[in-house]
file run.txt (compact mmCIF, C-alpha atoms)
# COMPACT_ATOMS: atom_id res chain seq x y z
CA MET L 1 0.00 0.00 0.00
CA VAL L 2 3.01 2.27 0.33
CA ALA L 3 3.34 2.48 -3.46
CA ALA L 4 -0.33 3.42 -3.89
CA ALA L 5 -0.13 6.05 -1.16
CA ALA L 6 3.06 7.47 -2.71
CA LEU L 7 1.41 7.65 -6.14
CA ALA L 8 -1.63 9.43 -4.70
CA LEU L 9 0.60 11.89 -2.87
CA ALA L 10 2.71 12.52 -5.98
CA TRP L 11 -0.49 13.33 -7.91
CA LEU L 12 -1.62 15.71 -5.19
CA ILE L 13 1.76 17.45 -5.24
CA ASP L 14 1.56 17.86 -9.02
CA SER L 15 -2.04 19.11 -8.86
CA ARG L 16 -1.26 21.63 -6.13
CA PHE L 17 2.25 22.84 -6.94
CA GLY L 18 3.09 21.80 -10.52
CA GLU L 19 6.78 21.76 -11.41
CA PRO L 20 9.68 22.94 -9.25
CA ARG L 21 11.98 25.61 -10.65
CA SER L 22 14.53 24.36 -13.16
CA ALA L 23 17.36 24.75 -10.65
CA TRP L 24 15.67 22.17 -8.42
CA HIS L 25 14.24 19.83 -11.05
CA PRO L 26 15.95 16.42 -11.46
CA VAL L 27 14.93 16.22 -15.13
CA ALA L 28 16.65 19.56 -15.76
CA TRP L 29 19.75 18.24 -13.99
CA PHE L 30 19.66 15.17 -16.22
CA GLY L 31 19.37 17.35 -19.32
CA ARG L 32 22.36 19.46 -18.30
CA ILE L 33 24.45 16.30 -17.96
CA ALA L 34 23.23 14.71 -21.21
CA ALA L 35 23.47 17.79 -23.45
CA PRO L 36 27.28 18.16 -23.63
CA LEU L 37 27.71 14.39 -24.04
CA GLY L 38 25.42 14.40 -27.06
CA ARG L 39 27.14 17.39 -28.61
CA ARG L 40 30.46 15.54 -28.51
CA VAL L 41 29.27 12.73 -30.77
CA HIS L 42 26.53 14.07 -33.05
CA SER L 43 28.97 15.30 -35.70
CA TRP L 44 30.86 11.99 -35.93
CA ALA L 45 30.60 9.71 -38.96
CA ALA L 46 27.38 7.69 -39.08
CA PRO L 47 28.51 4.31 -37.66
CA ALA L 48 30.53 5.88 -34.84
CA ALA L 49 27.78 8.40 -34.02
CA PHE L 50 25.15 5.67 -33.89
CA ALA L 51 27.27 3.43 -31.67
CA ALA L 52 28.21 6.30 -29.36
CA GLY L 53 24.59 7.46 -29.16
CA ALA L 54 23.47 3.97 -28.24
CA VAL L 55 26.16 3.56 -25.56
CA LEU L 56 25.40 6.98 -24.09
CA TRP L 57 21.67 6.26 -24.05
CA CYS L 58 22.14 2.92 -22.30
CA SER L 59 24.58 4.40 -19.80
CA LEU L 60 22.45 7.40 -18.92
CA VAL L 61 19.17 5.51 -18.66
CA ALA L 62 20.82 2.76 -16.61
CA ALA L 63 22.35 5.35 -14.26
CA VAL L 64 19.00 7.06 -13.72
CA ALA L 65 17.16 3.76 -13.23
CA GLY L 66 19.89 2.62 -10.84
CA ALA L 67 19.58 5.76 -8.76
CA ALA L 68 15.79 5.31 -8.66
CA PHE L 69 16.26 1.70 -7.59
CA ALA L 70 18.48 2.82 -4.72
CA VAL L 71 15.80 5.29 -3.58
CA GLU L 72 13.12 2.60 -3.86
CA GLN L 73 15.22 0.17 -1.80
CA ALA L 74 15.84 2.81 0.86
CA ALA L 75 12.12 3.51 1.03
CA GLY L 76 11.40 -0.19 1.32
CA ALA L 77 13.56 -0.38 4.41
CA ALA L 78 12.01 2.70 6.03
CA PRO L 79 8.78 3.00 8.03
CA ALA L 80 5.71 4.02 6.03
CA TRP L 81 5.68 7.60 7.34
CA ILE L 82 9.12 8.09 5.73
CA ALA L 83 8.72 5.77 2.73
CA ILE L 84 5.53 7.37 1.39
CA PRO L 85 6.75 10.98 1.13
CA LEU L 86 10.18 9.79 -0.05
CA LEU L 87 8.71 7.74 -2.91
CA ALA L 88 6.20 10.50 -3.74
CA ALA L 89 8.95 13.12 -3.95
CA ALA L 90 11.00 10.81 -6.18
CA LEU L 91 8.06 9.86 -8.41
CA LYS L 92 6.53 13.31 -8.92
CA PRO L 93 9.23 14.63 -11.33
CA THR L 94 8.53 11.76 -13.75
CA PHE L 95 5.18 13.30 -14.74
CA ALA L 96 4.04 16.86 -15.35
CA TRP L 97 0.31 17.10 -15.97
CA ARG L 98 -0.42 20.43 -14.30
CA MET L 99 2.36 22.24 -16.16
CA LEU L 100 1.12 20.86 -19.49
CA ASN L 101 -2.44 21.89 -18.68
CA ASP L 102 -1.37 25.38 -17.63
CA GLU L 103 0.79 25.90 -20.73
CA VAL L 104 -1.99 24.89 -23.12
CA ARG L 105 -4.53 27.05 -21.29
CA ALA L 106 -2.11 29.99 -21.55
CA VAL L 107 -2.16 29.71 -25.36
CA GLU L 108 -5.83 30.67 -25.49
CA ALA L 109 -5.25 33.52 -23.05
CA ALA L 110 -2.42 34.78 -25.24
CA LEU L 111 -4.58 34.57 -28.38
CA GLY L 112 -7.04 36.82 -26.59
CA GLN L 113 -4.32 39.49 -26.67
CA GLY L 114 -3.50 38.96 -30.35
CA LEU L 115 -2.26 36.44 -32.91
CA GLU L 116 1.42 37.26 -32.40
CA GLN L 117 1.08 36.70 -28.67
CA GLY L 118 -0.63 33.36 -29.32
CA GLN L 119 2.11 32.33 -31.75
CA ALA L 120 4.80 33.24 -29.23
CA ARG L 121 3.07 31.26 -26.50
CA VAL L 122 2.53 28.11 -28.56
CA ALA L 123 6.18 28.25 -29.66
CA ARG L 124 6.99 27.15 -26.09
CA LEU L 125 5.18 23.88 -26.82
CA CYS L 126 6.46 22.86 -30.25
CA SER L 127 9.39 23.00 -32.66
CA ARG L 128 7.47 24.05 -35.80
CA ASP L 129 7.57 27.49 -37.42
CA VAL L 130 4.74 29.26 -35.62
CA THR L 131 4.99 32.50 -37.61
CA GLN L 132 2.94 30.94 -40.42
CA LEU L 133 0.11 29.78 -38.14
CA ASP L 134 -3.26 31.50 -37.99
CA ALA L 135 -5.37 31.40 -34.81
CA ALA L 136 -6.99 28.06 -35.69
CA ALA L 137 -3.61 26.48 -36.43
CA VAL L 138 -2.22 27.82 -33.14
CA ARG L 139 -5.09 26.07 -31.35
CA GLU L 140 -4.54 22.89 -33.37
CA THR L 141 -0.91 22.86 -32.28
CA ALA L 142 -1.83 23.44 -28.63
CA ILE L 143 -4.43 20.65 -28.64
CA GLU L 144 -2.04 18.25 -30.38
CA THR L 145 0.59 19.02 -27.76
CA LEU L 146 -1.92 18.39 -24.98
CA ALA L 147 -2.95 15.04 -26.47
CA GLU L 148 0.53 13.76 -27.31
CA ASN L 149 1.99 14.82 -24.00
CA PHE L 150 -0.93 13.34 -22.12
CA ASN L 151 0.88 10.14 -23.00
CA ASP L 152 4.49 11.30 -22.68
CA SER L 153 4.00 13.28 -19.49
CA LEU L 154 1.47 11.16 -17.63
CA VAL L 155 0.30 7.82 -19.05
CA ALA L 156 3.74 6.49 -20.03
CA PRO L 157 5.45 7.20 -16.69
CA LEU L 158 2.46 5.68 -14.88
CA PHE L 159 2.64 2.62 -17.14
CA TRP L 160 6.34 2.09 -16.50
CA PHE L 161 5.83 2.69 -12.77
CA LEU L 162 3.34 -0.17 -12.80
CA VAL L 163 5.69 -2.38 -14.81
CA ALA L 164 8.97 -1.71 -12.99
CA GLY L 165 8.34 0.59 -10.05
CA LEU L 166 10.26 3.82 -9.54
CA PRO L 167 13.17 2.66 -11.77
CA GLY L 168 10.69 2.06 -14.60
CA ALA L 169 9.13 5.52 -14.30
CA TRP L 170 12.55 7.16 -14.30
CA ALA L 171 13.83 5.02 -17.17
CA TRP L 172 10.90 6.33 -19.23
CA ARG L 173 11.51 9.93 -18.18
CA ALA L 174 15.20 9.66 -19.10
CA ALA L 175 14.42 7.97 -22.44
CA ASN L 176 11.76 10.51 -23.37
CA THR L 177 14.06 13.40 -22.42
CA LEU L 178 16.88 12.01 -24.55
CA ASP L 179 14.51 11.60 -27.48
CA ALA L 180 13.44 15.24 -27.10
CA MET L 181 17.10 16.31 -27.04
CA TRP L 182 18.65 13.98 -29.63
CA GLY L 183 15.90 12.31 -31.64
CA TYR L 184 15.95 14.59 -34.68
CA ARG L 185 16.90 14.26 -38.32
CA GLY L 186 19.62 16.43 -39.83
CA PRO L 187 22.82 16.73 -37.79
CA TRP L 188 21.41 14.41 -35.09
CA GLU L 189 20.28 11.72 -37.57
CA TRP L 190 22.68 9.01 -36.42
CA ALA L 191 23.66 10.04 -32.90
CA GLY L 192 19.99 10.35 -31.97
CA LYS L 193 18.63 7.36 -33.86
CA TRP L 194 18.87 4.95 -30.92
CA ALA L 195 17.17 7.46 -28.60
CA ALA L 196 14.35 8.01 -31.10
CA ARG L 197 13.74 4.29 -31.68
CA ALA L 198 13.96 3.46 -27.96
CA ASP L 199 11.35 6.12 -27.22
CA ASP L 200 9.10 4.62 -29.91
CA VAL L 201 9.42 1.15 -28.38
CA MET L 202 8.91 2.24 -24.77
CA GLY L 203 5.99 4.47 -25.71
CA TYR L 204 4.18 1.96 -27.95
CA VAL L 205 1.79 0.46 -25.40
CA PRO L 206 1.28 3.63 -23.30
CA ALA L 207 0.33 5.68 -26.39
CA ARG L 208 -2.46 3.27 -27.23
CA LEU L 209 -3.64 3.24 -23.63
CA ALA L 210 -3.66 7.06 -23.72
CA ALA L 211 -5.79 6.92 -26.88
CA LEU L 212 -8.18 4.54 -25.13
CA LEU L 213 -8.57 6.99 -22.23
CA LEU L 214 -9.35 9.83 -24.68
CA TRP L 215 -11.46 7.80 -27.10
CA ARG L 216 -15.26 7.67 -27.31
CA PRO L 217 -16.88 4.43 -28.52
CA SER L 218 -19.14 6.13 -31.05
CA VAL L 219 -16.09 6.88 -33.19
CA GLY L 220 -15.34 3.22 -33.81
CA VAL L 221 -12.02 1.43 -33.43
CA ALA L 222 -11.53 1.05 -37.20
CA ARG L 223 -11.56 4.81 -37.77
CA LEU L 224 -9.07 5.43 -34.99
CA THR L 225 -6.70 2.71 -36.19
CA ARG L 226 -6.94 4.04 -39.74
CA GLU L 227 -6.06 7.65 -38.89
CA ALA L 228 -3.62 7.27 -35.99
CA PRO L 229 -0.75 6.08 -38.26
CA LEU L 230 -1.03 9.19 -40.46
CA THR L 231 1.41 11.13 -38.29
CA PRO L 232 5.20 10.72 -38.68
CA SER L 233 5.44 9.47 -35.09
CA PRO L 234 4.36 5.84 -34.66
CA ASN L 235 2.90 6.71 -31.26
CA GLY L 236 1.93 10.39 -31.25
CA GLY L 237 -0.94 9.94 -33.70
CA TRP L 238 -2.89 7.68 -31.36
CA PRO L 239 -3.75 10.14 -28.57
CA MET L 240 -3.95 13.01 -31.10
CA ALA L 241 -6.45 11.17 -33.32
CA ALA L 242 -8.47 10.11 -30.28
CA MET L 243 -8.62 13.73 -29.11
CA ALA L 244 -9.57 14.99 -32.58
CA PHE L 245 -12.51 12.60 -32.75
CA ARG L 246 -13.48 13.15 -29.12
CA ILE L 247 -13.91 16.92 -29.45
CA GLY L 248 -14.93 16.88 -33.13
CA VAL L 249 -12.19 19.02 -34.69
CA ARG L 250 -9.46 18.74 -37.29
CA LEU L 251 -5.92 18.44 -36.02
CA GLY L 252 -2.86 18.46 -38.24
CA LYS L 253 0.39 19.90 -39.42
CA PRO L 254 0.30 21.80 -42.73
CA GLY L 255 1.81 19.76 -45.54
CA ALA L 256 2.31 16.71 -43.30
CA TYR L 257 -0.94 15.17 -42.05
CA ALA L 258 -4.51 15.87 -41.04
CA LEU L 259 -6.53 13.94 -38.48
CA ASN L 260 -10.34 14.01 -38.70
CA ALA L 261 -9.76 16.14 -41.79
CA GLN L 262 -13.43 16.78 -42.60
CA ALA L 263 -14.14 18.33 -39.19
CA PRO L 264 -13.95 22.09 -38.54
CA ALA L 265 -10.80 23.77 -37.27
CA PRO L 266 -10.73 24.27 -33.50
CA ASP L 267 -12.02 27.48 -31.98
CA ALA L 268 -11.67 28.76 -28.42
CA ALA L 269 -14.49 26.51 -27.20
CA ALA L 270 -12.77 23.46 -28.69
CA LEU L 271 -9.52 24.21 -26.88
CA THR L 272 -11.42 24.58 -23.61
CA ASN L 273 -13.21 21.31 -24.35
CA ALA L 274 -9.87 19.59 -25.01
CA LEU L 275 -8.61 20.72 -21.61
CA THR L 276 -11.75 19.38 -19.95
CA VAL L 277 -11.44 16.05 -21.76
CA GLY L 278 -7.75 15.87 -20.91
CA GLU L 279 -8.41 16.52 -17.23
CA GLY L 280 -11.01 13.77 -17.11
CA ALA L 281 -8.67 11.35 -18.88
CA ALA L 282 -5.83 12.26 -16.50
CA ARG L 283 -8.00 11.53 -13.48
CA GLY L 284 -9.01 8.26 -15.10
CA ALA L 285 -5.36 7.35 -15.67
CA ILE L 286 -4.46 8.04 -12.05
CA ALA L 287 -7.48 6.10 -10.76
CA ALA L 288 -6.64 3.12 -12.96
CA ALA L 289 -2.98 3.23 -11.91
CA LEU L 290 -3.92 3.33 -8.22
CA LEU L 291 -6.27 0.37 -8.65
CA LEU L 292 -3.62 -1.65 -10.50
CA VAL L 293 -0.97 -0.84 -7.89
CA VAL L 294 -3.28 -2.13 -5.15
CA LEU L 295 -4.13 -5.27 -7.16
CA LYS L 296 -0.46 -5.87 -7.90
CA VAL L 297 0.42 -5.68 -4.20
CA ASN L 298 -2.42 -8.01 -3.25
CA LEU L 299 -1.53 -10.53 -5.96
CA TRP L 300 2.13 -10.67 -5.06
call {"tool": "encode", "arguments": {"input": "run.txt", "output": "structure tokens"}}
result
Amino acid sequence: MVAAAALALAWLIDSRFGEPRSAWHPVAWFGRIAAPLGRRVHSWAAPAAFAAGAVLWCSLVAAVAGAAFAVEQAAGAAPAWIAIPLLAAALKPTFAWRMLNDEVRAVEAALGQGLEQGQARVARLCSRDVTQLDAAAVRETAIETLAENFNDSLVAPLFWFLVAGLPGAWAWRAANTLDAMWGYRGPWEWAGKWAARADDVMGYVPARLAALLLWRPSVGVARLTREAPLTPSPNGGWPMAAMAFRIGVRLGKPGAYALNAQAPAPDAAALTNALTVGEGAARGAIAAALLLVVLKVNLW
């Protein structure tokens, strides 16, 4: 029951306080360690860059998972009144639902001040050229970010916590962070290839669970499975397509893909609806995770 109590407390901490400042955030510390290592190898010739990227990925993820294992073991040897807050404090940085919610909500507030303000705000959430986006496209981008990161920032760390405890949650967070830093084409093509593929593999099941939490049965499974693979990411399209169908809007990237293409572009009400749907799905994810943690403890 310690694990369930720690998970509940971690969720309460996230709901109440959100993210700590970067100077105190373990994920930020991890990024500051990983960044210079990646820069050393990304300009190497393809075979050497790929091998070095793979070795670095394995080393960094193993180090993070090992540190999480040590914390978990220490908690296991401590009384519950110490173990629960210790595990909660260690688990909380692996997910970031409140921050995601707040950032997406801020996009609509910024659009209320003007298109340029909305573009500047959504640029914090994506890597695409926002200067060419109109208000509808800004909202599309914000809703896509909410849906995709519902998986990356909540469902996937919960899934790996259920599979492998605190080390699993932190292995996912490290892998997803390395993909965000290295998993690009261009100069990072080979050094980041292992990170990108590892993220795809680790996120495969969670992305489909995230889509299930966002999905509504009236859409039909066939339609979801037909449109989800339209995105370049093998996983990102699942929660994004589920969200597009759930709130009845088109989501897409110009010149790349369109999900639920015949639906209208999102307006302000659609973005608000997406936030409401996301919040309900997040609560459902936490409730399911808590139930499964309790069942796991009772079974074993």
call {"tool": "atom_distance", "arguments": {"input": "run.txt", "atom1": "CA of Glu103 (chain L)", "atom2": "CA of Thr276 (chain L)"}}
result
14.2 Å
call {"tool": "closest_residue", "arguments": {"input": "run.txt", "among": "L:Ala244, L:Ala191, L:Ala96, L:Leu213", "to": "Arg16 (chain L)", "atoms": "only C-alpha atoms"}}
result
L:Ala96
call {"tool": "residues_around", "arguments": {"input": "run.txt", "residues": "region 73-81 of chain L", "least_positions_apart": "3", "cutoff": "10 Å", "atoms": "only C-alpha atoms", "output": "compact mmCIF listing (two decimals) with C-alpha atoms, keeping the file's coordinate frame"}}
result
# COMPACT_ATOMS: atom_id res chain seq x y z
CA MET L 1 0.00 0.00 0.00
CA VAL L 2 3.01 2.27 0.33
CA ALA L 3 3.34 2.48 -3.46
CA ALA L 5 -0.13 6.05 -1.16
CA ALA L 6 3.06 7.47 -2.71
CA ALA L 67 19.58 5.76 -8.76
CA ALA L 68 15.79 5.31 -8.66
CA PHE L 69 16.26 1.70 -7.59
CA ALA L 70 18.48 2.82 -4.72
CA ILE L 84 5.53 7.37 1.39
CA PRO L 85 6.75 10.98 1.13
CA LEU L 86 10.18 9.79 -0.05
CA LEU L 87 8.71 7.74 -2.91
CA LEU L 166 10.26 3.82 -9.54
call {"tool": "closest_residue", "arguments": {"input": "run.txt", "among": "L:Ala174, L:Ala261, L:Leu291, L:Ala52", "to": "Ser153 (chain L)", "atoms": "only C-alpha atoms"}}
result
L:Ala174
call {"tool": "atom_distance", "arguments": {"input": "run.txt", "atom1": "CA of Pro47 (chain L)", "atom2": "CA of Gly66 (chain L)"}}
result
28.2 Å
call {"tool": "decode", "arguments": {"input": "run.txt", "residues": "region 188-232 of chain L", "atoms": "N, CA and C atoms", "output": "compact mmCIF listing (two decimals), in the first residue's frame"}}
result
# COMPACT_ATOMS: atom_id res chain seq x y z
N TRP L 188 21.56 15.42 -36.15
CA TRP L 188 21.41 14.41 -35.09
C TRP L 188 20.97 13.06 -35.64
N GLU L 189 20.87 12.92 -36.96
CA GLU L 189 20.28 11.72 -37.57
C GLU L 189 20.79 10.42 -36.97
N TRP L 190 22.12 10.28 -36.87
CA TRP L 190 22.68 9.01 -36.42
C TRP L 190 22.92 8.96 -34.91
N ALA L 191 23.41 10.04 -34.34
CA ALA L 191 23.66 10.04 -32.90
C ALA L 191 22.35 9.89 -32.12
N GLY L 192 21.27 10.40 -32.67
CA GLY L 192 19.99 10.35 -31.97
C GLY L 192 19.08 9.22 -32.39
N LYS L 193 19.52 8.39 -33.34
CA LYS L 193 18.63 7.36 -33.86
C LYS L 193 18.23 6.34 -32.78
N TRP L 194 19.19 5.91 -31.97
CA TRP L 194 18.87 4.95 -30.92
C TRP L 194 17.86 5.55 -29.94
N ALA L 195 18.07 6.81 -29.54
CA ALA L 195 17.17 7.46 -28.60
C ALA L 195 15.75 7.55 -29.18
N ALA L 196 15.66 7.88 -30.47
CA ALA L 196 14.35 8.01 -31.10
C ALA L 196 13.64 6.66 -31.16
N ARG L 197 14.36 5.62 -31.56
CA ARG L 197 13.74 4.29 -31.68
C ARG L 197 13.39 3.72 -30.30
N ALA L 198 14.24 3.95 -29.31
CA ALA L 198 13.96 3.46 -27.96
C ALA L 198 12.70 4.12 -27.41
N ASP L 199 12.55 5.42 -27.66
CA ASP L 199 11.35 6.12 -27.22
C ASP L 199 10.11 5.55 -27.90
N ASP L 200 10.22 5.23 -29.20
CA ASP L 200 9.10 4.62 -29.91
C ASP L 200 8.70 3.28 -29.28
N VAL L 201 9.70 2.47 -28.95
CA VAL L 201 9.42 1.15 -28.38
C VAL L 201 8.81 1.28 -26.99
N MET L 202 9.41 2.10 -26.14
CA MET L 202 8.91 2.24 -24.77
C MET L 202 7.55 2.91 -24.72
N GLY L 203 7.26 3.75 -25.70
CA GLY L 203 5.99 4.47 -25.71
C GLY L 203 4.88 3.78 -26.47
N TYR L 204 5.16 2.62 -27.07
CA TYR L 204 4.18 1.96 -27.95
C TYR L 204 2.89 1.61 -27.21
N VAL L 205 2.99 0.86 -26.14
CA VAL L 205 1.79 0.46 -25.40
C VAL L 205 1.15 1.66 -24.68
N PRO L 206 1.92 2.49 -23.97
CA PRO L 206 1.28 3.63 -23.30
C PRO L 206 0.51 4.56 -24.24
N ALA L 207 1.02 4.78 -25.46
CA ALA L 207 0.33 5.68 -26.39
C ALA L 207 -1.05 5.15 -26.75
N ARG L 208 -1.17 3.86 -26.88
CA ARG L 208 -2.46 3.27 -27.23
C ARG L 208 -3.39 3.24 -26.03
N LEU L 209 -2.82 3.11 -24.84
CA LEU L 209 -3.64 3.24 -23.63
C LEU L 209 -4.13 4.68 -23.46
N ALA L 210 -3.26 5.65 -23.79
CA ALA L 210 -3.66 7.06 -23.72
C ALA L 210 -4.81 7.33 -24.69
N ALA L 211 -4.71 6.76 -25.90
CA ALA L 211 -5.79 6.92 -26.88
C ALA L 211 -7.09 6.32 -26.35
N LEU L 212 -6.99 5.18 -25.68
CA LEU L 212 -8.18 4.54 -25.13
C LEU L 212 -8.84 5.43 -24.08
N LEU L 213 -8.03 6.10 -23.27
CA LEU L 213 -8.57 6.99 -22.23
C LEU L 213 -9.24 8.22 -22.84
N LEU L 214 -8.79 8.65 -24.01
CA LEU L 214 -9.35 9.83 -24.68
C LEU L 214 -10.49 9.48 -25.64
N TRP L 215 -10.56 8.25 -26.05
CA TRP L 215 -11.46 7.80 -27.10
C TRP L 215 -12.91 7.77 -26.65
N ARG L 216 -13.84 7.90 -27.60
CA ARG L 216 -15.26 7.67 -27.31
C ARG L 216 -15.76 6.57 -28.25
N PRO L 217 -16.50 5.60 -27.73
CA PRO L 217 -16.88 4.43 -28.52
C PRO L 217 -17.63 4.74 -29.81
N SER L 218 -18.36 5.83 -29.84
CA SER L 218 -19.14 6.13 -31.05
C SER L 218 -18.26 6.37 -32.27
N VAL L 219 -16.99 6.66 -32.06
CA VAL L 219 -16.09 6.88 -33.19
C VAL L 219 -15.81 5.59 -33.93
N GLY L 220 -15.66 4.50 -33.20
CA GLY L 220 -15.34 3.22 -33.81
C GLY L 220 -13.84 2.99 -33.83
N VAL L 221 -13.44 1.77 -33.50
CA VAL L 221 -12.02 1.43 -33.43
C VAL L 221 -11.38 1.51 -34.81
N ALA L 222 -12.11 1.09 -35.85
CA ALA L 222 -11.53 1.05 -37.20
C ALA L 222 -11.09 2.45 -37.66
N ARG L 223 -11.90 3.45 -37.35
CA ARG L 223 -11.56 4.81 -37.77
C ARG L 223 -10.32 5.31 -37.04
N LEU L 224 -10.25 5.01 -35.75
CA LEU L 224 -9.07 5.43 -34.99
C LEU L 224 -7.82 4.74 -35.50
N THR L 225 -7.88 3.44 -35.73
CA THR L 225 -6.70 2.71 -36.19
C THR L 225 -6.31 3.09 -37.61
N ARG L 226 -7.25 3.60 -38.39
CA ARG L 226 -6.94 4.04 -39.74
C ARG L 226 -6.23 5.39 -39.75
N GLU L 227 -6.61 6.29 -38.85
CA GLU L 227 -6.06 7.65 -38.89
C GLU L 227 -4.84 7.84 -37.99
N ALA L 228 -4.74 7.09 -36.91
CA ALA L 228 -3.62 7.27 -35.99
C ALA L 228 -2.25 7.13 -36.66
N PRO L 229 -2.07 6.20 -37.63
CA PRO L 229 -0.75 6.08 -38.26
C PRO L 229 -0.41 7.18 -39.27
N LEU L 230 -1.29 8.15 -39.48
CA LEU L 230 -1.03 9.19 -40.46
C LEU L 230 0.09 10.14 -40.04
N THR L 231 0.36 10.22 -38.76
CA THR L 231 1.41 11.13 -38.29
C THR L 231 2.78 10.49 -38.46
N PRO L 232 3.85 11.29 -38.56
CA PRO L 232 5.20 10.72 -38.68
C PRO L 232 5.59 9.87 -37.48
